[in-house]
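Everything below concerns the one structure shown next.
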Amino acid sequence: MNITVLTYGSRGDVQPFLPLSLGLMERGHDVILAAPPRFETLVEEYGIAFSPLAGDPEDLSRRFNNAGYNFIKQVREMISHAVEIGVEMLRKTEEACRDADLIVHTFAHAVGAHTLAREKNIPDIHIQTFPMFAPTGEYPNVTMPDLKLRALNRLTHVASKKITWWTSTFGFEQVRCRAGLPKRRLYFPFDDDPLRPPTPILCAWSPSVLPPSRDWNANVHVTGYCFLDLNTSYQPPRELQNFLEAGKHPVCVSFGSMVNRNAEKIDQIVREALKQTGQRGIILSGWGRVSQPSSNDLLYLDAAPHEWLLPRCMMVIHHGGAGTTSAGLRAGIPNIVIPFTADQPFWGRRVHAVGAGPRPILVKNLSVGNLAQAIAEAESKALRQRAKSIGQKIRNEDGARHAVSLIESHISNWRNFKV
């Protein structure tokens with residue numbers, strides 16, 4: 001079967017689909033992974049066919065960081081970014097799916113990919129790294145605080161589905177008018193339709209971190225995180241190896257894809273908090289590109305594989321992106337989450353709820369004092385033991401294999417349904 005996987009965003013939005021693609025290929029399927037152009041080398045080095053989409057997710061990160069925790073601003077920036085790249089994105093998406101027998105899509109592609117699958121009369125599957133489109137009263141939509149009442153929490157999910165539909169149709173109409181494209185009927189993948197089996201939602205996180213909700217329908221599944229096998233051939237740069245060997249385990253600081261206008265100030269706070277608590281630190285600059293001269297206690301690097309580095313660290317401070325959160329928890333070390341925007345506060349709350357880290361500190365509230373306090377809390381024996389236990393559970397899961405099994409089950413159900 002020809003399968004096209006559509007994803008968009010930072011590395012954390014792309015990397016989970018590498019082991020998924022490899023798992024599908026092992027089962028004899030032909031896979032095309034479509035993602036932003038900057039990830040072409042990453043995808044192709046695993047022998048996976050790559051199809052470039054439009055746009056640069058770094059621009060979207062900058063927009064989200066400027067919007068902060070304001071949901072309305074987040075939606076506005078997302079629409080603006082989508083409209084700007086819309087014509088090219090439509091063309092690239094259709095090109096990637098030209099020969100597809102199945103389309104696997106993520107949040108950014110939900111409406112467009114499902115509509116294309118309907119037009120081609122083929123099945124589709126939705127995979128997400130944060131909970132969307134499956135209403136529950138157990139927690140709110142990822143952009144909202146916990147409203148404590150089940151009815152109110154559930155309402156935020158229902159509202160987010162409506163907003164996703166409205167923004168998708170509004171954005172497409174703007175793109176269509178600008179480009180002179182013909183009218184097109186759009187479809188929402190999670191509306192009931194007697195002519196199609198329900199589109200499955202595969203939740204690519206560990207049930208140890210966020211269990212399945214008892215409110216969900218049978219088409220929603222928690223698979224576990226999708227991780228690549230540990231790269232035993234990785235050779236760290238000499239400066240990293242020397243730093244690790246020169247003293248006690250360091251604190252890793254990784255804000256990944258965050259492009260924040262206050263990056264220099266955040267870096268100063270982190271460095272001072274590490275100094276006050278007597279910690280050594282490895283700071284991964286990521287898209288923020290903040291760098292300082294290294295010393296005996298601080299090492300600045302552009303990036304390093306989380307799966308290799310984090311088990312060699314005593315704790316990790318990060319922004320709460322789904323990918324970095326999964327890597328931090330898998331390593332079995334305490335996680336201190338400093339959310340910047342989007343779903344990050346949600347994952348910060350989950351890390352604290354399962355006992356793998358202190359309460360998250362919103363980046364707008366970050367100070368030397370509260371970060372130093374969080375570092376001290378993360379050093380406690382009880383928290384370290386809980387983080388270690390969570391890490392062991394996650395390492396025992398095989399989310400990619402589970403997801404492949406569910407995908408093939410849906411293919412079988414689809415074929416039987418269409419007979």
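Simple scheme: letters A, B, ... for chains in structure tokens order, numbers from 1 for residues in each chain, numbers from 1 for ligands in the order shown.
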
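The residues of region 174-409 of chain A that DSSP classifies as strand (DSSP E), using the backbone of this structure, are Ile201, Leu202, Cys203, Val220, His221, Val222, Val251, Cys252, Val253, Ser254, Gly281, Ile282, Ile283, Leu284, Leu298, Leu299, Tyr300, Leu301, Met315, Val316, Ile317, His318, Asn335, Ile336 and Val337 of chain A.
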
Nearby residues (only C-alpha atoms) at most 7 Å from Glu307 (chain A), same-chain spacing under 3 positions excluded, as a VMD selection string: chain A and resid 230 310 327

Can you write out the residues you just picked, keeping all heavy atoms, as a short mmCIF file (atom, residue, chain, number, x, y, z; two decimals), in the first residue's frame?
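File written: selection_16.cif
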```cif
data_model
loop_
_atom_site.label_atom_id
_atom_site.label_comp_id
_atom_site.auth_asym_id
_atom_site.auth_seq_id
_atom_site.Cartn_x
_atom_site.Cartn_y
_atom_site.Cartn_z
N LEU A 230 17.73 3.68 19.91
CA LEU A 230 18.89 4.45 20.36
C LEU A 230 20.02 4.31 19.35
O LEU A 230 20.34 3.21 18.89
CB LEU A 230 19.33 3.96 21.73
CG LEU A 230 18.35 4.24 22.88
CD1 LEU A 230 18.87 3.64 24.18
CD2 LEU A 230 18.10 5.73 23.04
N LEU A 310 20.41 13.15 27.22
CA LEU A 310 19.64 13.30 28.45
C LEU A 310 19.92 12.21 29.49
O LEU A 310 19.96 12.51 30.69
CB LEU A 310 18.15 13.37 28.13
CG LEU A 310 17.72 14.62 27.34
CD1 LEU A 310 16.21 14.69 27.23
CD2 LEU A 310 18.26 15.89 27.96
N ALA A 327 11.12 13.00 25.29
CA ALA A 327 12.52 12.62 25.44
C ALA A 327 12.98 12.76 26.88
O ALA A 327 13.71 11.90 27.41
CB ALA A 327 13.40 13.46 24.52
#
```

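For region 332-342 of chain A, the non-local neighbours within 6 Å, defined as residues at least 3 positions apart in the same chain or in other chains and counting only C-alpha atoms, are Gly68, Tyr69, Thr143, Met315, Val316, Ile317, His318, His319, Gly320, Leu329, Pro345, Gly348, Ala356, Gly357, Pro360, Ile361, Leu362, Val363, Ala378, Arg384, Ala387, Lys388 and Gly391 of chain A.
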
What would the file look like if the residues just selected were written as a compact mmCIF listing (two decimals), in the first residue's frame with C-alpha atoms?
```
# COMPACT_ATOMS: atom_id res chain seq x y z
CA GLY A 68 2.30 33.88 24.16
CA TYR A 69 -0.62 32.32 26.07
CA THR A 143 -4.54 25.97 25.28
CA MET A 315 17.77 16.81 34.97
CA VAL A 316 16.45 18.73 31.97
CA ILE A 317 14.96 22.22 31.75
CA HIS A 318 12.82 22.69 28.66
CA HIS A 319 9.84 24.47 27.09
CA GLY A 320 7.35 21.61 27.26
CA LEU A 329 10.50 11.61 30.47
CA PRO A 345 1.58 24.60 29.57
CA GLY A 348 4.10 21.06 31.91
CA ALA A 356 8.31 13.77 37.20
CA GLY A 357 8.92 17.47 37.78
CA PRO A 360 5.75 24.43 35.48
CA ILE A 361 6.93 28.05 35.43
CA LEU A 362 5.38 30.13 32.66
CA VAL A 363 8.18 31.89 30.80
CA ALA A 378 13.97 18.44 41.24
CA ARG A 384 14.04 11.58 41.08
CA ALA A 387 10.94 10.29 37.20
CA LYS A 388 13.03 7.13 36.99
CA GLY A 391 11.08 6.58 32.32
```

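Proximity to Lys275 (chain A) was assessed for A:Pro211, A:Gly112, A:Gly369, A:Gly328 counting only C-alpha atoms; the smallest distance is recorded for A:Gly369.
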
Contacts of Ala96 (chain A) at 12 Å (only C-alpha atoms; same-chain gap of 6+ positions) as a ChimeraX atom specification: /A:2-7,31-35,49-54,89-90,102-104,113,116

Mind writing the picked residues with C-alpha atoms as a tab-separated table (two decimals), in the first residue's frame?
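Listing of part_22.tsv after writing:
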```
chain	number	residue	atom	x	y	z
A	2	ASN	CA	1.18	3.54	-0.79
A	3	ILE	CA	1.00	5.64	2.39
A	4	THR	CA	1.63	9.38	2.63
A	5	VAL	CA	2.34	10.88	6.04
A	6	LEU	CA	1.69	14.63	6.34
A	7	THR	CA	3.16	16.61	9.23
A	31	VAL	CA	5.84	5.43	2.59
A	32	ILE	CA	6.31	9.08	1.67
A	33	LEU	CA	6.90	11.44	4.58
A	34	ALA	CA	5.88	15.00	3.69
A	35	ALA	CA	7.23	17.73	5.97
A	49	ALA	CA	11.12	8.91	0.81
A	50	PHE	CA	10.68	12.64	1.45
A	51	SER	CA	8.27	15.12	-0.11
A	52	PRO	CA	8.77	18.81	0.78
A	53	LEU	CA	5.84	20.92	1.88
A	54	ALA	CA	5.62	24.71	1.86
A	89	MET	CA	0.91	24.10	0.58
A	90	LEU	CA	-2.15	22.90	-1.35
A	102	LEU	CA	-3.88	5.98	2.67
A	103	ILE	CA	-3.19	9.44	4.13
A	104	VAL	CA	-1.87	9.83	7.67
A	113	ALA	CA	-5.90	15.92	4.26
A	116	LEU	CA	-8.32	15.07	-0.09
```

Atom-to-atom span, CA of Gly224 (chain A) and CA of Ala204 (chain A), Å: 5.4 Å

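Coordinates place CA of Gln279 (chain A) at a distance of 6.5 Å from CA of Pro250 (chain A).
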
Secondary structure check, helix (DSSP H, G or I) residues of region 89-280 of chain A, as a count of residues only: 74

Within 10 Å of Arg118 (chain A) using only C-alpha atoms, minus same-chain residues under 6 positions, as number ranges by chain: A: 112, 124, 186-187, 189, 196

Write a file of the just-selected residues containing C-alpha atoms, as a JSON list (two decimals), in the first residue's frame.
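After the write, again_8.json holds the following:
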```json
[["chain", "number", "residue", "atom", "x", "y", "z"],
["A", 112, "GLY", "CA", -7.25, 19.48, 4.17],
["A", 124, "ASP", "CA", -7.21, 8.49, 6.36],
["A", 186, "LEU", "CA", -14.30, 20.75, 2.76],
["A", 187, "TYR", "CA", -14.93, 17.91, 5.21],
["A", 189, "PRO", "CA", -12.65, 14.17, 9.70],
["A", 196, "ARG", "CA", -17.25, 6.09, 5.78]]
```

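Among the candidates A:Gly355, A:Pro237, A:Gly86, A:Gly281, the residue lying nearest to Ala382 (chain A) is A:Gly355 (atoms considered: only C-alpha atoms).
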
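For Lys161 (chain A), the list of residues within 12 Å, based on only C-alpha atoms and with local chain neighbours fewer than 5 positions off taken out, reads Phe107, Ala110, Val111, Pro131, Met132, Phe133, Ala134, Pro135, Asn141, Arg154, Leu155, Thr156, Trp166, Thr167, Ser168, Phe188, Pro189, Phe190 and Asp191 of chain A.
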
Write the selection just made, keeping N, CA and C atoms, as a compact mmCIF listing (two decimals), in the first residue's frame?
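The resulting out18.txt:
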```
# COMPACT_ATOMS: atom_id res chain seq x y z
N PHE A 107 -2.35 17.50 13.16
CA PHE A 107 -3.29 18.59 13.44
C PHE A 107 -3.37 19.62 12.31
N ALA A 110 -5.45 18.35 9.30
CA ALA A 110 -6.63 17.53 9.56
C ALA A 110 -7.74 17.72 8.52
N VAL A 111 -8.15 18.96 8.30
CA VAL A 111 -9.27 19.21 7.38
C VAL A 111 -8.83 19.00 5.93
N PRO A 131 -3.61 16.29 22.84
CA PRO A 131 -5.01 15.89 22.70
C PRO A 131 -5.88 16.96 22.05
N MET A 132 -6.46 16.60 20.92
CA MET A 132 -7.41 17.46 20.20
C MET A 132 -8.48 16.57 19.57
N PHE A 133 -9.66 17.13 19.38
CA PHE A 133 -10.74 16.51 18.61
C PHE A 133 -11.38 15.31 19.30
N ALA A 134 -11.03 15.08 20.56
CA ALA A 134 -11.65 13.97 21.31
C ALA A 134 -12.11 14.54 22.65
N PRO A 135 -13.31 15.11 22.71
CA PRO A 135 -13.77 15.81 23.92
C PRO A 135 -13.77 14.94 25.16
N ASN A 141 -9.02 21.71 26.84
CA ASN A 141 -8.23 21.87 25.63
C ASN A 141 -6.83 22.34 26.01
N ARG A 154 -15.02 19.87 29.12
CA ARG A 154 -15.50 19.26 27.89
C ARG A 154 -15.89 20.34 26.87
N LEU A 155 -16.48 21.41 27.35
CA LEU A 155 -16.91 22.49 26.46
C LEU A 155 -15.73 23.10 25.71
N THR A 156 -14.56 23.17 26.36
CA THR A 156 -13.39 23.74 25.67
C THR A 156 -12.98 22.87 24.49
N TRP A 166 -13.97 26.29 11.64
CA TRP A 166 -14.20 27.64 11.13
C TRP A 166 -12.92 28.26 10.56
N THR A 167 -11.81 28.12 11.28
CA THR A 167 -10.57 28.71 10.80
C THR A 167 -10.08 28.01 9.53
N SER A 168 -10.31 26.72 9.43
CA SER A 168 -9.89 25.99 8.23
C SER A 168 -10.69 26.45 7.01
N PHE A 188 -14.85 17.72 7.61
CA PHE A 188 -14.19 17.58 8.91
C PHE A 188 -14.06 16.09 9.22
N PRO A 189 -12.87 15.62 9.59
CA PRO A 189 -12.65 14.17 9.70
C PRO A 189 -13.40 13.48 10.83
N PHE A 190 -13.94 14.25 11.77
CA PHE A 190 -14.54 13.61 12.94
C PHE A 190 -16.04 13.83 13.03
N ASP A 191 -16.64 14.24 11.91
CA ASP A 191 -18.10 14.26 11.81
C ASP A 191 -18.61 12.86 11.47
```

Between CA of Cys203 (chain A) and CA of Gln128 (chain A), distance in Å (one decimal): 5.2 Å

Minimum-distance residue to Asn365 (chain A), chosen among A:Ile266, A:Gln276, A:Glu377, A:Phe39 (using only C-alpha atoms): A:Ile266

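Excluding Arg27 (chain A) itself and same-chain residues fewer than 3 positions from it, the residues having an atom within 10 Å of it are Met1, Ser21, Leu22, Gly23, Leu24, Asp30, Val404, Ser405 and Glu408 of chain A, counting only C-alpha atoms.
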
Residue with smallest distance to Asn219 (chain A) - pool A:Arg312, A:His126, A:His109, A:His29, counting only C-alpha atoms: A:His126
